[in-house]
Each structure stands twice: as structure tokens, then as C-alpha cells.
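Quick look at model_10.json (JSON, C-alpha atoms):
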```json
[["chain", "number", "residue", "atom", "x", "y", "z"],
["A", 217, "MET", "CA", -53.29, -83.83, -98.37],
["A", 218, "ASP", "CA", -50.02, -81.97, -97.99],
["A", 219, "ASN", "CA", -49.92, -78.50, -96.48],
["A", 220, "PRO", "CA", -51.32, -76.31, -99.28],
["A", 221, "LEU", "CA", -48.74, -73.63, -98.51],
["A", 222, "SER", "CA", -45.96, -76.03, -99.50],
["A", 223, "LEU", "CA", -47.48, -77.35, -102.71],
["A", 224, "PRO", "CA", -45.03, -76.91, -105.62],
["A", 225, "ALA", "CA", -45.84, -74.06, -107.99],
["A", 226, "THR", "CA", -44.08, -71.89, -110.55],
["A", 227, "ALA", "CA", -44.67, -68.24, -111.45],
["A", 228, "PHE", "CA", -43.94, -66.62, -114.79],
["A", 229, "GLU", "CA", -43.59, -62.91, -115.43],
["A", 230, "GLY", "CA", -44.14, -62.75, -119.15],
["A", 231, "GLY", "CA", -41.83, -65.39, -120.63],
["A", 232, "ARG", "CA", -39.43, -65.32, -117.67],
["A", 233, "MET", "CA", -39.69, -67.67, -114.72],
["A", 234, "LEU", "CA", -40.12, -65.55, -111.60],
["A", 235, "LEU", "CA", -39.87, -68.31, -109.00],
["A", 236, "SER", "CA", -40.43, -72.05, -108.62],
["A", 237, "GLY", "CA", -40.99, -73.48, -105.15],
["A", 238, "PRO", "CA", -43.54, -73.80, -102.33],
["A", 239, "LEU", "CA", -46.82, -72.06, -103.13],
["A", 240, "ILE", "CA", -46.58, -69.50, -100.33],
["A", 241, "ASP", "CA", -43.11, -68.38, -101.48],
["A", 242, "VAL", "CA", -44.28, -68.15, -105.08],
["A", 243, "VAL", "CA", -47.38, -66.15, -104.16],
["A", 244, "LEU", "CA", -45.35, -63.70, -102.07],
["A", 245, "ALA", "CA", -42.87, -63.27, -104.93],
["A", 246, "VAL", "CA", -45.78, -62.51, -107.25],
["A", 247, "LYS", "CA", -47.14, -59.97, -104.75],
["A", 248, "ALA", "CA", -43.75, -58.24, -104.53],
["A", 249, "SER", "CA", -43.43, -58.19, -108.30],
["A", 250, "ALA", "CA", -46.94, -56.83, -108.77],
["A", 251, "GLU", "CA", -46.27, -54.07, -106.23],
["A", 252, "ARG", "CA", -43.25, -53.00, -108.28],
["A", 253, "GLY", "CA", -45.65, -52.34, -111.14],
["A", 254, "VAL", "CA", -44.42, -54.88, -113.67],
["A", 255, "SER", "CA", -45.68, -54.50, -117.22],
["A", 256, "GLU", "CA", -45.65, -58.19, -118.11],
["A", 257, "PRO", "CA", -48.60, -60.44, -117.17],
["A", 258, "ILE", "CA", -47.94, -62.80, -114.27],
["A", 259, "LEU", "CA", -49.25, -66.37, -114.18],
["A", 260, "VAL", "CA", -48.75, -69.05, -111.53],
["A", 261, "PHE", "CA", -48.87, -72.73, -112.44],
["A", 262, "ASP", "CA", -49.49, -75.83, -110.34],
["A", 263, "ASP", "CA", -46.42, -78.03, -110.91],
["A", 264, "ALA", "CA", -48.50, -81.21, -110.59],
["A", 265, "THR", "CA", -51.20, -80.35, -113.13],
["A", 266, "GLY", "CA", -49.91, -77.47, -115.25],
["A", 267, "ARG", "CA", -53.02, -75.47, -114.39],
["A", 268, "ALA", "CA", -52.93, -71.71, -113.88],
["A", 269, "LEU", "CA", -53.81, -70.94, -110.26],
["A", 270, "ASP", "CA", -55.87, -68.09, -108.87],
["A", 271, "PHE", "CA", -55.15, -66.37, -105.56],
["A", 272, "ASP", "CA", -55.81, -63.19, -103.61],
["A", 273, "LEU", "CA", -52.82, -60.86, -103.10],
["A", 274, "ARG", "CA", -54.45, -58.49, -100.64],
["A", 275, "GLY", "CA", -53.09, -57.92, -97.15],
["A", 276, "THR", "CA", -50.00, -59.09, -95.30],
["A", 277, "LYS", "CA", -48.06, -62.31, -95.61],
["A", 278, "ALA", "CA", -50.09, -63.70, -92.69],
["A", 279, "ASP", "CA", -53.35, -62.70, -94.40],
["A", 280, "ILE", "CA", -52.34, -64.42, -97.64],
["A", 281, "ALA", "CA", -51.14, -67.56, -95.87],
["A", 282, "ALA", "CA", -54.38, -67.79, -93.89],
["A", 283, "ARG", "CA", -56.49, -67.47, -97.05],
["A", 284, "LEU", "CA", -54.48, -70.08, -98.91],
["A", 285, "SER", "CA", -54.70, -72.50, -95.99],
["A", 286, "SER", "CA", -58.41, -72.05, -95.32],
["A", 287, "SER", "CA", -59.43, -72.06, -98.98],
["A", 288, "SER", "CA", -57.30, -75.05, -99.94],
["A", 289, "ALA", "CA", -57.34, -77.30, -96.91],
["A", 290, "GLY", "CA", -58.63, -80.74, -97.81],
["A", 291, "SER", "CA", -59.79, -79.75, -101.26],
["A", 292, "GLY", "CA", -56.82, -79.03, -103.49],
["A", 293, "LEU", "CA", -56.06, -75.88, -105.41],
["A", 294, "GLN", "CA", -58.47, -74.57, -107.98],
["A", 295, "ASP", "CA", -57.26, -73.42, -111.36],
["A", 296, "SER", "CA", -58.51, -70.29, -113.06],
["A", 297, "ALA", "CA", -59.35, -72.08, -116.31],
["A", 298, "SER", "CA", -57.84, -74.87, -118.36],
["A", 299, "PRO", "CA", -57.68, -75.66, -122.09],
["A", 300, "PHE", "CA", -59.93, -78.64, -121.38],
["A", 301, "GLU", "CA", -62.66, -76.71, -119.58],
["A", 302, "GLY", "CA", -62.89, -73.23, -121.08],
["A", 303, "PRO", "CA", -60.83, -70.22, -122.11],
["A", 304, "SER", "CA", -57.09, -70.49, -121.83],
["A", 305, "PRO", "CA", -55.54, -68.96, -118.67],
["A", 306, "GLY", "CA", -53.31, -66.91, -120.93],
["A", 307, "ARG", "CA", -56.31, -64.88, -122.03],
["A", 308, "ARG", "CA", -57.47, -63.98, -118.51],
["A", 309, "GLY", "CA", -56.92, -60.56, -117.04],
["A", 310, "ARG", "CA", -55.04, -60.29, -113.78],
["A", 311, "GLY", "CA", -58.20, -59.79, -111.79],
["A", 312, "ARG", "CA", -58.24, -60.83, -108.15],
["A", 313, "PRO", "CA", -57.55, -64.56, -107.98],
["A", 314, "LYS", "CA", -59.18, -67.09, -105.70],
["A", 315, "LEU", "CA", -58.89, -70.67, -104.52],
["A", 316, "GLY", "CA", -61.50, -73.25, -103.59],
["A", 317, "VAL", "CA", -63.53, -76.30, -104.49],
["A", 318, "VAL", "CA", -65.82, -76.58, -107.51],
["A", 319, "GLY", "CA", -69.45, -77.54, -107.10],
["A", 320, "ARG", "CA", -70.80, -79.72, -109.93],
["A", 321, "GLU", "CA", -73.76, -82.04, -110.24],
["A", 322, "VAL", "CA", -73.19, -85.72, -109.45],
["A", 323, "THR", "CA", -76.04, -88.14, -110.17],
["A", 324, "LEU", "CA", -76.11, -91.30, -108.03],
["A", 325, "LEU", "CA", -78.66, -93.84, -106.86],
["A", 326, "PRO", "CA", -80.01, -93.52, -103.29],
["A", 327, "ARG", "CA", -77.91, -96.45, -102.08],
["A", 328, "HIS", "CA", -74.78, -94.69, -103.35],
["A", 329, "TRP", "CA", -75.63, -91.50, -101.48],
["A", 330, "GLU", "CA", -76.36, -93.51, -98.33],
["A", 331, "TRP", "CA", -72.97, -95.21, -98.50],
["A", 332, "LEU", "CA", -71.15, -91.93, -99.15],
["A", 333, "ALA", "CA", -72.94, -90.16, -96.31],
["A", 334, "ALA", "CA", -71.85, -92.90, -93.90],
["A", 335, "GLN", "CA", -68.15, -92.46, -94.74],
["A", 336, "PRO", "CA", -65.83, -90.42, -92.47],
["A", 337, "GLY", "CA", -65.96, -86.80, -93.58],
["A", 338, "GLY", "CA", -69.13, -87.26, -95.60],
["A", 339, "ALA", "CA", -69.83, -87.62, -99.31],
["A", 340, "SER", "CA", -67.41, -84.99, -100.65],
["A", 341, "VAL", "CA", -64.39, -86.34, -98.78],
["A", 342, "ALA", "CA", -65.25, -89.93, -99.74],
["A", 343, "LEU", "CA", -65.59, -89.02, -103.42],
["A", 344, "ARG", "CA", -62.25, -87.20, -103.44],
["A", 345, "LYS", "CA", -60.56, -90.22, -101.83],
["A", 346, "LEU", "CA", -62.10, -92.58, -104.39],
["A", 347, "VAL", "CA", -60.90, -90.40, -107.25],
["A", 348, "ASP", "CA", -57.36, -90.16, -105.80],
["A", 349, "GLU", "CA", -57.21, -93.94, -105.31],
["A", 350, "ALA", "CA", -58.36, -94.54, -108.88],
["A", 351, "ARG", "CA", -55.71, -92.15, -110.19],
["A", 352, "LYS", "CA", -52.97, -93.90, -108.21],
["A", 353, "ALA", "CA", -54.11, -97.31, -109.44],
["A", 354, "GLY", "CA", -53.50, -96.22, -113.03],
["A", 355, "GLY", "CA", -49.75, -96.60, -112.56],
["A", 356, "PRO", "CA", -47.25, -95.52, -115.23],
["A", 357, "ALA", "CA", -49.87, -95.08, -117.95],
["A", 358, "GLU", "CA", -51.87, -92.73, -115.76],
["A", 359, "ALA", "CA", -48.74, -90.79, -114.80],
["A", 360, "ARG", "CA", -47.74, -90.42, -118.46],
["A", 361, "ARG", "CA", -51.20, -89.18, -119.43],
["A", 362, "ALA", "CA", -51.23, -86.74, -116.51],
["A", 363, "ALA", "CA", -47.79, -85.42, -117.51],
["A", 364, "GLN", "CA", -48.95, -84.90, -121.10],
["A", 365, "GLU", "CA", -52.05, -83.02, -119.98],
["A", 366, "ALA", "CA", -50.05, -80.88, -117.54],
["A", 367, "ALA", "CA", -47.58, -79.90, -120.25],
["A", 368, "TYR", "CA", -50.43, -79.23, -122.67],
["A", 369, "ARG", "CA", -52.19, -76.91, -120.25],
["A", 370, "PHE", "CA", -49.05, -74.90, -119.60],
["A", 371, "MET", "CA", -48.07, -74.76, -123.27],
["A", 372, "SER", "CA", -51.56, -73.65, -124.29],
["A", 373, "ALA", "CA", -51.39, -70.80, -121.79],
["A", 374, "MET", "CA", -47.83, -69.67, -122.48],
["A", 375, "ALA", "CA", -46.75, -70.89, -125.91],
["A", 376, "GLY", "CA", -49.84, -70.96, -128.12],
["A", 377, "ASN", "CA", -48.38, -68.29, -130.43],
["A", 378, "LEU", "CA", -44.82, -69.61, -130.49],
["A", 379, "PRO", "CA", -43.39, -71.36, -133.56],
["A", 380, "GLY", "CA", -43.79, -75.13, -133.63],
["A", 381, "PHE", "CA", -46.56, -75.15, -131.03],
["A", 382, "GLU", "CA", -48.94, -77.45, -132.89],
["A", 383, "GLU", "CA", -46.21, -79.88, -133.90],
["A", 384, "ALA", "CA", -44.89, -79.86, -130.33],
["A", 385, "ILE", "CA", -48.34, -80.82, -129.05],
["A", 386, "ARG", "CA", -48.55, -83.66, -131.57],
["A", 387, "ALA", "CA", -45.11, -84.91, -130.51],
["A", 388, "LEU", "CA", -46.10, -84.61, -126.85],
["A", 389, "PHE", "CA", -49.14, -86.86, -127.18],
["A", 390, "ALA", "CA", -47.27, -89.24, -129.49],
["A", 391, "ASN", "CA", -44.66, -89.54, -126.73],
["A", 392, "ASP", "CA", -41.98, -88.56, -129.26],
["A", 393, "ARG", "CA", -39.49, -86.90, -126.94],
["A", 394, "ALA", "CA", -36.87, -86.11, -129.57],
["A", 395, "ARG", "CA", -39.37, -84.37, -131.85],
["A", 396, "PHE", "CA", -40.89, -82.54, -128.89],
["A", 397, "GLU", "CA", -37.49, -81.14, -127.94],
["A", 398, "GLN", "CA", -36.84, -80.15, -131.54],
["A", 399, "GLN", "CA", -40.12, -78.27, -131.90],
["A", 400, "ILE", "CA", -39.66, -76.23, -128.70],
["A", 401, "SER", "CA", -35.94, -75.54, -129.21],
["A", 402, "SER", "CA", -36.51, -71.92, -130.35],
["A", 403, "TRP", "CA", -38.84, -71.01, -127.47],
["A", 404, "PRO", "CA", -37.75, -68.72, -124.61],
["A", 405, "GLU", "CA", -35.47, -70.67, -122.31],
["A", 406, "ASP", "CA", -37.67, -70.67, -119.22],
["A", 407, "ILE", "CA", -40.83, -71.63, -121.09],
["A", 408, "ARG", "CA", -38.98, -74.40, -122.89],
["A", 409, "ALA", "CA", -37.45, -75.75, -119.70],
["A", 410, "TYR", "CA", -40.71, -75.77, -117.74],
["A", 411, "ALA", "CA", -42.67, -77.40, -120.57],
["A", 412, "PHE", "CA", -40.04, -80.16, -120.75],
["A", 413, "ARG", "CA", -40.08, -80.51, -116.96],
["A", 414, "LEU", "CA", -43.84, -81.01, -116.88],
["A", 415, "ALA", "CA", -43.81, -83.42, -119.81],
["A", 416, "TYR", "CA", -40.90, -85.64, -118.79],
["A", 417, "GLN", "CA", -39.48, -84.87, -115.36],
["A", 418, "SER", "CA", -42.42, -84.39, -113.00],
["A", 419, "PRO", "CA", -44.67, -87.05, -111.42],
["A", 420, "ASN", "CA", -47.65, -84.80, -112.19],
["A", 421, "VAL", "CA", -50.03, -86.81, -110.04],
["A", 422, "ARG", "CA", -51.21, -85.16, -106.83],
["A", 423, "ARG", "CA", -50.92, -87.52, -103.89]]
```
Represent the structure of the file as C-alpha cells.
Amino acid sequence: MDNPLSLPATAFEGGRMLLSGPLIDVVLAVKASAERGVSEPILVFDDATGRALDFDLRGTKADIAARLSSSSAGSGLQDSASPFEGPSPGRRGRGRPKLGVVGREVTLLPRHWEWLAAQPGGASVALRKLVDEARKAGGPAEARRAAQEAAYRFMSAMAGNLPGFEEAIRALFANDRARFEQQISSWPEDIRAYAFRLAYQSPNVRR
């Protein structure tokens, strides 16, 4: 996996894009903005998945970088919540964010566990590699579906109350680019641009 500090992310302060770039730069920009006492809610999104990310702003730049590296290394970034798995990130309070893996039950036969345990890095690493390989094998269709889901997650968090939202979602999943652009044309510029970027200009599949 790439250095988690350099993973692409984008922060929004209300409806305005605060910064888009490597995760560590985005997190530090969010920290600086929060320390200025901004009134607008701040959300950070994973550019590959459209998920809202959680992180801990306490301490110095070195402290933050160390937490991001140790919490993310080898596991990927963890979102706060997604429209597919629970409450929308847009309805979360600021709280104190976090990163990490998610523990969920996996039911396998003994021979499957034996094979996984014998793989380099153990069962968890082997399962993550198998999932990543399956995602890559999906090709263009998988990339298109991932882009649609990424845009949907972001739009649900940031644009659920904006005009044309439901029609924009329908156009998104129908792969009707012209209608999608039409439906989001009245949205705030930064929200509109990032939604379009996730839907049509980003690979959206974590390598």
C-alpha cells in the first residue's frame, strides 16, 4: 500500500473546498482551520472512495503524522460512516476522529483458515490481498461502479438537501453524464466540481 500520509484526500469547510492533496497536508489544513474557530462543519473525504474520513487533530504535526502512519499502515483508511453502512457522515458531529481497521465476522471452513494462516502476514493480510486482486480483475465495469459509489457517498454527505439531488443520483447510476451535469448545475461550485470529479475523472479504485 502507498504511504498513508500521501493518500489523496479533500477537505470541505461547509460548501467550500478547503484543500485537496496528500492526506497529511489536508489534515494539517483542517487542524489550522479548526484552531481559527471556524463556524462551518469540516469534513474530509477519501478521493478514491468518497468516504468521509476520521482523524485525531491533537498534538503537533509530528504527533498527527505518527498517528496516521501507525493507524493506517497496511490496512487502509477507515471512514466515519457511509450511506451504505449507516448514518450519513454529514450528520456526524465533529467529535475526535480516528483511523483503523474494522473487525467483522468471517465464516470459513477449517481448510480455508489453515490456508490463510499459512500465507505471509497471516489471514488478515491474505484476505485484503484477495479482495484487492478481485477488485482489480473487475476492469472498467468495476472502476465505473466504484466511481458511482464514491460520488454517491460524497453527494449524500454534502448535497442531500440541494435541489436536483435525487435526479442527479438517478442520472449517476444510469451513467447519463449530460443529465447528471444538468441536475448539479445549480450546486455550490466546489461541491459540484468534486462530485463530477469523483463520478467521471477519478480512478476511484485503491491500488
- Task: Name the closest residue to A:Ile280 among the candidates A:Lys345, A:Ala227, A:Leu234, A:Lys247; distances are taken between atoms, counting all atoms listed in the file.
- Result: A:Lys247
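Take the candidates A:Arg395, A:Leu273, A:Ala264, A:Ser285 and check each one against A:Val242 using all atoms listed in the file; the shortest distance goes to A:Leu273.
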- Message: Measuring between all atoms listed in the file, which one of A:Arg344, A:Asn391, A:Arg408, A:Ser286 shows the shortest distance to A:Leu332?
- Response: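 Checking each candidate against A:Leu332, we get A:Arg344 as the closest.
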- Query: Could you work out how far atom CA of A:Ser222 lies from atom CA of A:Leu259, giving the answer in Å with one decimal?
  - Reply: 17.9 Å
- Message: Calculated over all atoms listed in the file, which of the candidates A:Met371, A:Val322, A:Leu221, A:Ala333 has the smallest distance to A:Arg283?
- Response: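 Comparing A:Met371, A:Val322, A:Leu221, A:Ala333 against A:Arg283, the winner is A:Leu221.
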- Return the single residue from A:Ala225, A:Val341, A:Leu244, A:Ala359 that is closest to A:Ala281, with distances computed using only C-alpha atoms.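 Among the listed residues, the smallest separation from A:Ala281 belongs to A:Leu244.
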- Could you pull the residues within 12 Å of A:Ser255, counting only C-alpha atoms, minus those fewer than 5 positions along the same chain, as a ChimeraX atom specification? /A:229-230,249-250,310
- Message: Distance cut-off 12 Å, centre (-50.4, -65.0, -100.9) in file coordinates, counting only C-alpha atoms: which residues qualify? Return them as an MDAnalysis selection string.
- Response: chainID A and resid 220:222 238:248 250 260 269:285 287 312:315
- Got a sec: who's within 12 Å of A:Ser401, counting only C-alpha atoms, leaving out chain neighbours fewer than 2 positions off, as number ranges by chain? A: 378-381, 384, 394-399, 403-409, 411-412
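Of the residues under consideration (A:Leu414, A:Ala373, A:Ala342, A:Ala363), A:Ala342 shows the shortest atom-to-atom contact distance to A:His328 when counting all atoms listed in the file.
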- Item | Atom pair atom CA of A:Arg413 / atom CA of A:Gly355: separation (Å) |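 Computing it gives 19.3 Å between the two atoms.
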- Item | Separation of atom CA of A:Pro257 from atom CA of A:Ser402, in Å and rounded to one decimal |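 Between atom CA of A:Pro257 and atom CA of A:Ser402 the gap works out to 21.3 Å.
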